[in-house]
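Everything below belongs to upload.pdb, which stores PDB, C-alpha atoms.
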```
ATOM      1  CA  MET A 109      87.891  -1.756 -70.861  1.00  0.00           C
ATOM      2  CA  SER A 110      87.115  -5.340 -71.252  1.00  0.00           C
ATOM      3  CA  LEU A 111      84.054  -7.169 -70.146  1.00  0.00           C
ATOM      4  CA  THR A 112      85.898  -8.544 -67.107  1.00  0.00           C
ATOM      5  CA  GLY A 113      86.954  -5.022 -66.113  1.00  0.00           C
ATOM      6  CA  VAL A 114      83.349  -3.815 -66.278  1.00  0.00           C
ATOM      7  CA  ALA A 115      82.199  -6.791 -64.197  1.00  0.00           C
ATOM      8  CA  ALA A 116      84.947  -6.096 -61.634  1.00  0.00           C
ATOM      9  CA  LEU A 117      83.927  -2.421 -61.480  1.00  0.00           C
ATOM     10  CA  ILE A 118      80.255  -3.332 -60.948  1.00  0.00           C
ATOM     11  CA  ALA A 119      81.270  -5.821 -58.254  1.00  0.00           C
ATOM     12  CA  ALA A 120      83.457  -3.203 -56.506  1.00  0.00           C
ATOM     13  CA  VAL A 121      80.674  -0.577 -56.549  1.00  0.00           C
ATOM     14  CA  SER A 122      78.127  -3.113 -55.320  1.00  0.00           C
ATOM     15  CA  PHE A 123      80.513  -4.156 -52.527  1.00  0.00           C
ATOM     16  CA  ALA A 124      81.040  -0.508 -51.549  1.00  0.00           C
ATOM     17  CA  VAL A 125      77.267   0.148 -51.463  1.00  0.00           C
ATOM     18  CA  LEU A 126      76.697  -2.969 -49.367  1.00  0.00           C
ATOM     19  CA  ALA A 127      79.540  -2.031 -47.013  1.00  0.00           C
ATOM     20  CA  TRP A 128      78.167   1.497 -46.610  1.00  0.00           C
ATOM     21  CA  ALA A 129      74.639   0.059 -45.889  1.00  0.00           C
ATOM     22  CA  GLY A 130      76.140  -2.338 -43.335  1.00  0.00           C
ATOM     23  CA  VAL A 131      77.987   0.466 -41.556  1.00  0.00           C
ATOM     24  CA  TYR A 132      74.830   2.622 -41.556  1.00  0.00           C
ATOM     25  CA  LEU A 133      72.748  -0.225 -40.127  1.00  0.00           C
ATOM     26  CA  ALA A 134      75.418  -0.966 -37.501  1.00  0.00           C
ATOM     27  CA  VAL A 135      75.402   2.692 -36.349  1.00  0.00           C
ATOM     28  CA  ARG A 136      71.600   2.725 -36.175  1.00  0.00           C
ATOM     29  CA  PHE A 137      71.604  -0.592 -34.335  1.00  0.00           C
ATOM     30  CA  THR A 138      74.052   0.707 -31.726  1.00  0.00           C
ATOM     31  CA  ARG A 139      71.785   3.723 -31.139  1.00  0.00           C
ATOM     32  CA  VAL A 140      68.796   1.415 -30.720  1.00  0.00           C
ATOM     33  CA  LEU A 141      70.778  -0.776 -28.304  1.00  0.00           C
ATOM     34  CA  GLY A 142      71.855   2.325 -26.339  1.00  0.00           C
ATOM     35  CA  ASP A 143      68.234   3.480 -26.067  1.00  0.00           C
ATOM     36  CA  ALA A 144      67.184   0.000 -25.000  1.00  0.00           C
ATOM     37  CA  ALA A 145      69.902  -0.088 -22.345  1.00  0.00           C
ATOM     38  CA  THR A 146      68.760   3.312 -21.037  1.00  0.00           C
ATOM     39  CA  LEU A 147      65.165   2.091 -20.947  1.00  0.00           C
ATOM     40  CA  VAL A 148      66.206  -1.050 -19.036  1.00  0.00           C
ATOM     41  CA  ARG A 149      68.133   1.042 -16.473  1.00  0.00           C
ATOM     42  CA  GLU A 150      65.140   3.382 -15.952  1.00  0.00           C
ATOM     43  CA  THR A 151      62.770   0.434 -15.699  1.00  0.00           C
ATOM     44  CA  ARG A 152      65.042  -1.249 -13.162  1.00  0.00           C
ATOM     45  CA  ALA A 153      65.075   1.943 -11.046  1.00  0.00           C
ATOM     46  CA  ASP A 154      61.276   2.185 -11.304  1.00  0.00           C
ATOM     47  CA  GLN A 155      60.956  -1.483 -10.357  1.00  0.00           C
ATOM     48  CA  GLN A 156      63.095  -0.969  -7.273  1.00  0.00           C
ATOM     49  CA  ALA A 157      60.934   1.995  -6.225  1.00  0.00           C
ATOM     50  CA  LEU A 158      57.804  -0.049  -6.921  1.00  0.00           C
ATOM     51  CA  PHE A 159      59.125  -2.973  -4.886  1.00  0.00           C
ATOM     52  CA  ALA A 160      59.987  -0.612  -2.013  1.00  0.00           C
ATOM     53  CA  ARG A 161      56.448   0.811  -2.066  1.00  0.00           C
ATOM     54  CA  ALA A 162      54.971  -2.701  -2.240  1.00  0.00           C
ATOM     55  CA  ASN A 163      57.080  -3.770   0.765  1.00  0.00           C
ATOM     56  CA  ASP A 164      55.869  -0.709   2.695  1.00  0.00           C
ATOM     57  CA  ALA A 165      52.265  -1.567   1.821  1.00  0.00           C
ATOM     58  CA  VAL A 166      52.764  -5.160   2.984  1.00  0.00           C
ATOM     59  CA  ASP A 167      54.285  -3.903   6.249  1.00  0.00           C
ATOM     60  CA  ARG A 168      51.315  -1.562   6.822  1.00  0.00           C
ATOM     61  CA  ALA A 169      48.867  -4.363   6.033  1.00  0.00           C
ATOM     62  CA  SER A 170      50.667  -6.645   8.476  1.00  0.00           C
ATOM     63  CA  ALA A 171      50.442  -3.994  11.192  1.00  0.00           C
ATOM     64  CA  GLN A 172      46.722  -3.535  10.481  1.00  0.00           C
ATOM     65  CA  LEU A 173      46.177  -7.301  10.638  1.00  0.00           C
ATOM     66  CA  SER A 174      47.885  -7.505  14.015  1.00  0.00           C
ATOM     67  CA  LYS A 175      45.605  -4.722  15.283  1.00  0.00           C
ATOM     68  CA  THR A 176      42.607  -6.518  13.768  1.00  0.00           C
ATOM     69  CA  GLU A 177      43.576  -9.745  15.527  1.00  0.00           C
ATOM     70  CA  ALA A 178      43.644  -7.895  18.843  1.00  0.00           C
ATOM     71  CA  ALA A 179      40.243  -6.329  18.127  1.00  0.00           C
ATOM     72  CA  THR A 180      38.799  -9.693  17.078  1.00  0.00           C
ATOM     73  CA  ALA A 181      40.025 -11.285  20.293  1.00  0.00           C
ATOM     74  CA  ALA A 182      38.452  -8.439  22.302  1.00  0.00           C
ATOM     75  CA  VAL A 183      35.132  -8.844  20.462  1.00  0.00           C
ATOM     76  CA  ALA A 184      35.171 -12.600  21.075  1.00  0.00           C
ATOM     77  CA  GLU A 185      35.796 -11.962  24.767  1.00  0.00           C
ATOM     78  CA  LEU A 186      32.970  -9.410  24.785  1.00  0.00           C
ATOM     79  CA  GLY A 187      30.650 -11.972  23.172  1.00  0.00           C
ATOM     80  CA  ASP A 188      31.476 -14.485  25.900  1.00  0.00           C
ATOM     81  CA  SER A 189      30.837 -11.842  28.578  1.00  0.00           C
ATOM     82  CA  MET A 190      27.519 -10.907  26.974  1.00  0.00           C
ATOM     83  CA  THR A 191      26.452 -14.574  26.930  1.00  0.00           C
ATOM     84  CA  GLU A 192      27.282 -14.862  30.618  1.00  0.00           C
ATOM     85  CA  LEU A 193      25.412 -11.612  31.353  1.00  0.00           C
ATOM     86  CA  ALA A 194      22.350 -12.821  29.428  1.00  0.00           C
ATOM     87  CA  GLY A 195      22.318 -16.001  31.524  1.00  0.00           C
ATOM     88  CA  GLN A 196      22.504 -13.968  34.734  1.00  0.00           C
ATOM     89  CA  ALA A 197      19.722 -11.644  33.519  1.00  0.00           C
ATOM     90  CA  SER A 198      17.507 -14.648  32.726  1.00  0.00           C
ATOM     91  CA  ALA A 199      18.111 -16.017  36.202  1.00  0.00           C
ATOM     92  CA  LEU A 200      17.240 -12.640  37.768  1.00  0.00           C
ATOM     93  CA  ALA A 201      14.099 -12.357  35.633  1.00  0.00           C
ATOM     94  CA  ALA A 202      12.950 -15.781  36.795  1.00  0.00           C
ATOM     95  CA  ILE A 203      13.525 -14.756  40.411  1.00  0.00           C
ATOM     96  CA  GLY A 204      11.634 -11.489  39.815  1.00  0.00           C
ATOM     97  CA  ARG A 205       8.687 -13.334  38.275  1.00  0.00           C
ATOM     98  CA  SER A 206       8.494 -15.743  41.172  1.00  0.00           C
ATOM     99  CA  VAL A 207       8.699 -12.887  43.720  1.00  0.00           C
ATOM    100  CA  ALA A 208       6.066 -10.848  41.857  1.00  0.00           C
ATOM    101  CA  GLY A 209       3.806 -13.887  41.605  1.00  0.00           C
ATOM    102  CA  ALA A 210       4.165 -14.486  45.336  1.00  0.00           C
ATOM    103  CA  VAL A 211       3.362 -10.853  46.170  1.00  0.00           C
ATOM    104  CA  VAL A 212       0.411 -10.429  43.772  1.00  0.00           C
ATOM    105  CA  GLY A 213      -1.054 -13.868  44.309  1.00  0.00           C
ATOM    106  CA  GLY A 214      -0.231 -14.001  48.019  1.00  0.00           C
ATOM    107  CA  PRO A 215      -1.968 -12.496  51.025  1.00  0.00           C
ATOM    108  CA  LEU A 216      -0.406  -9.054  50.571  1.00  0.00           C
ATOM    109  CA  GLY A 217      -1.702  -8.776  46.987  1.00  0.00           C
ATOM    110  CA  ARG A 218      -5.180  -9.905  48.046  1.00  0.00           C
ATOM    111  CA  ALA A 219      -5.238  -7.360  50.870  1.00  0.00           C
ATOM    112  CA  ALA A 220      -4.280  -4.566  48.452  1.00  0.00           C
ATOM    113  CA  ALA A 221      -7.050  -5.627  46.037  1.00  0.00           C
ATOM    114  CA  VAL A 222      -9.645  -5.603  48.848  1.00  0.00           C
ATOM    115  CA  ALA A 223      -8.481  -2.146  50.000  1.00  0.00           C
ATOM    116  CA  TYR A 224      -8.753  -0.786  46.453  1.00  0.00           C
ATOM    117  CA  GLY A 225     -12.249  -2.279  46.045  1.00  0.00           C
ATOM    118  CA  VAL A 226     -13.470  -0.797  49.333  1.00  0.00           C
ATOM    119  CA  ARG A 227     -12.027   2.610  48.492  1.00  0.00           C
ATOM    120  CA  HIS A 228     -13.623   2.537  45.036  1.00  0.00           C
ATOM    121  CA  ALA A 229     -17.017   1.489  46.435  1.00  0.00           C
ATOM    122  CA  VAL A 230     -16.962   4.263  49.050  1.00  0.00           C
ATOM    123  CA  GLY A 231     -16.024   6.763  46.324  1.00  0.00           C
ATOM    124  CA  LEU A 232     -18.948   5.611  44.182  1.00  0.00           C
ATOM    125  CA  ARG A 233     -21.301   6.027  47.125  1.00  0.00           C
ATOM    126  CA  ARG A 234     -20.135   9.577  47.671  1.00  0.00           C
ATOM    127  CA  GLY A 235     -20.134  10.373  43.931  1.00  0.00           C
ATOM    128  CA  THR A 236     -16.567  11.650  43.835  1.00  0.00           C
ATOM    129  CA  ALA A 237     -15.012   8.632  42.146  1.00  0.00           C
ATOM    130  CA  ALA A 238     -17.215   9.024  39.103  1.00  0.00           C
ATOM    131  CA  ARG A 239     -16.056  12.575  38.503  1.00  0.00           C
ATOM    132  CA  ARG A 240     -12.455  11.978  39.370  1.00  0.00           C
ATOM    133  CA  GLY A 241     -12.060   8.808  37.331  1.00  0.00           C
ATOM    134  CA  ALA A 242     -13.962   9.941  34.213  1.00  0.00           C
ATOM    135  CA  LEU A 243     -12.022   9.900  31.004  1.00  0.00           C
ATOM    136  CA  SER A 244     -12.138  12.713  28.502  1.00  0.00           C
ATOM    137  CA  GLY A 245     -15.191  12.275  26.254  1.00  0.00           C
ATOM    138  CA  GLU A 246     -16.822   9.662  28.532  1.00  0.00           C
ATOM    139  CA  ILE A 247     -20.440  10.239  29.566  1.00  0.00           C
ATOM    140  CA  VAL A 248     -20.909  10.089  33.367  1.00  0.00           C
ATOM    141  CA  ASN A 249     -24.396  10.253  34.877  1.00  0.00           C
ATOM    142  CA  GLY A 250     -25.791  11.369  31.510  1.00  0.00           C
ATOM    143  CA  GLU A 251     -23.510  14.426  31.209  1.00  0.00           C
ATOM    144  CA  LEU A 252     -20.234  15.131  29.516  1.00  0.00           C
ATOM    145  CA  PRO A 253     -17.424  16.255  31.821  1.00  0.00           C
ATOM    146  CA  PRO A 254     -16.599  19.983  31.508  1.00  0.00           C
ATOM    147  CA  ALA A 255     -13.294  19.318  29.710  1.00  0.00           C
ATOM    148  CA  ALA A 256     -15.064  17.294  27.029  1.00  0.00           C
ATOM    149  CA  SER A 257     -17.930  19.732  26.266  1.00  0.00           C
ATOM    150  CA  PRO A 258     -18.396  20.293  22.539  1.00  0.00           C
ATOM    151  CA  PRO A 259     -17.130  23.640  21.205  1.00  0.00           C
ATOM    152  CA  PRO A 260     -19.738  26.371  20.619  1.00  0.00           C
ATOM    153  CA  GLN A 261     -21.276  26.470  17.132  1.00  0.00           C
ATOM    154  CA  ARG A 262     -20.299  29.363  14.874  1.00  0.00           C
ATOM    155  CA  THR A 263     -22.947  31.353  13.204  1.00  0.00           C
ATOM    156  CA  GLY A 264     -22.027  33.065  10.016  1.00  0.00           C
ATOM    157  CA  ALA A 265     -21.815  32.621   6.310  1.00  0.00           C
ATOM    158  CA  ARG A 266     -18.041  32.141   6.261  1.00  0.00           C
ATOM    159  CA  ARG A 267     -16.828  28.803   5.083  1.00  0.00           C
TER     160      ARG A 267
END
```
Whole structure given in structure tokens:
Amino acid sequence: MSLTGVAALIAAVSFAVLAWAGVYLAVRFTRVLGDAATLVRETRADQQALFARANDAVDRASAQLSKTEAATAAVAELGDSMTELAGQASALAAIGRSVAGAVVGGPLGRAAAVAYGVRHAVGLRRGTAARRGALSGEIVNGELPPAASPPPQRTGARR
């Protein structure tokens, strides 16, 4: 074998090794591409399910917002009604104050005050008003009322 024959043999073996490596890499690459395609298909199916769930959530949120708008409108109407009611209550309170002032400060109120004073004075003269009107613990005519008498003292060494 000549030097050219040896070089041709080395070139042929090198070409065969490179061809075998290329075929091996091509087979591996097709497997990787197949796995990637499968992953893309699964991801696409998951995306469609996710988009369907997101659309359902948006629909539910829209329904809740429409209910909230109705409730907000009702609350606004209630606020207006409460403002009107407060104005009417203020007007009634003013009328009540003026009527009460007329009754208490007028002739009827003065007559009631005189009647109370006369009744109280007559009760004091008879001595019944002092006993009837005494508060618990108040001294009347130098004595405590029976309900406010101090409790009896204990005698004994117990403490």
Check: In Å, how far is it from CA of Gln196 in chain A to CA of Pro215 in chain A?
Finding: 29.4 Å
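We find CA of Val212 in chain A and CA of Ala194 in chain A to be spaced 26.3 Å apart.
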Notebook entry, point to check: CA of Lys175 in chain A to CA of Glu192 in chain A: how many Å, to one decimal?
Noted result: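 So the answer is 26.0 Å.
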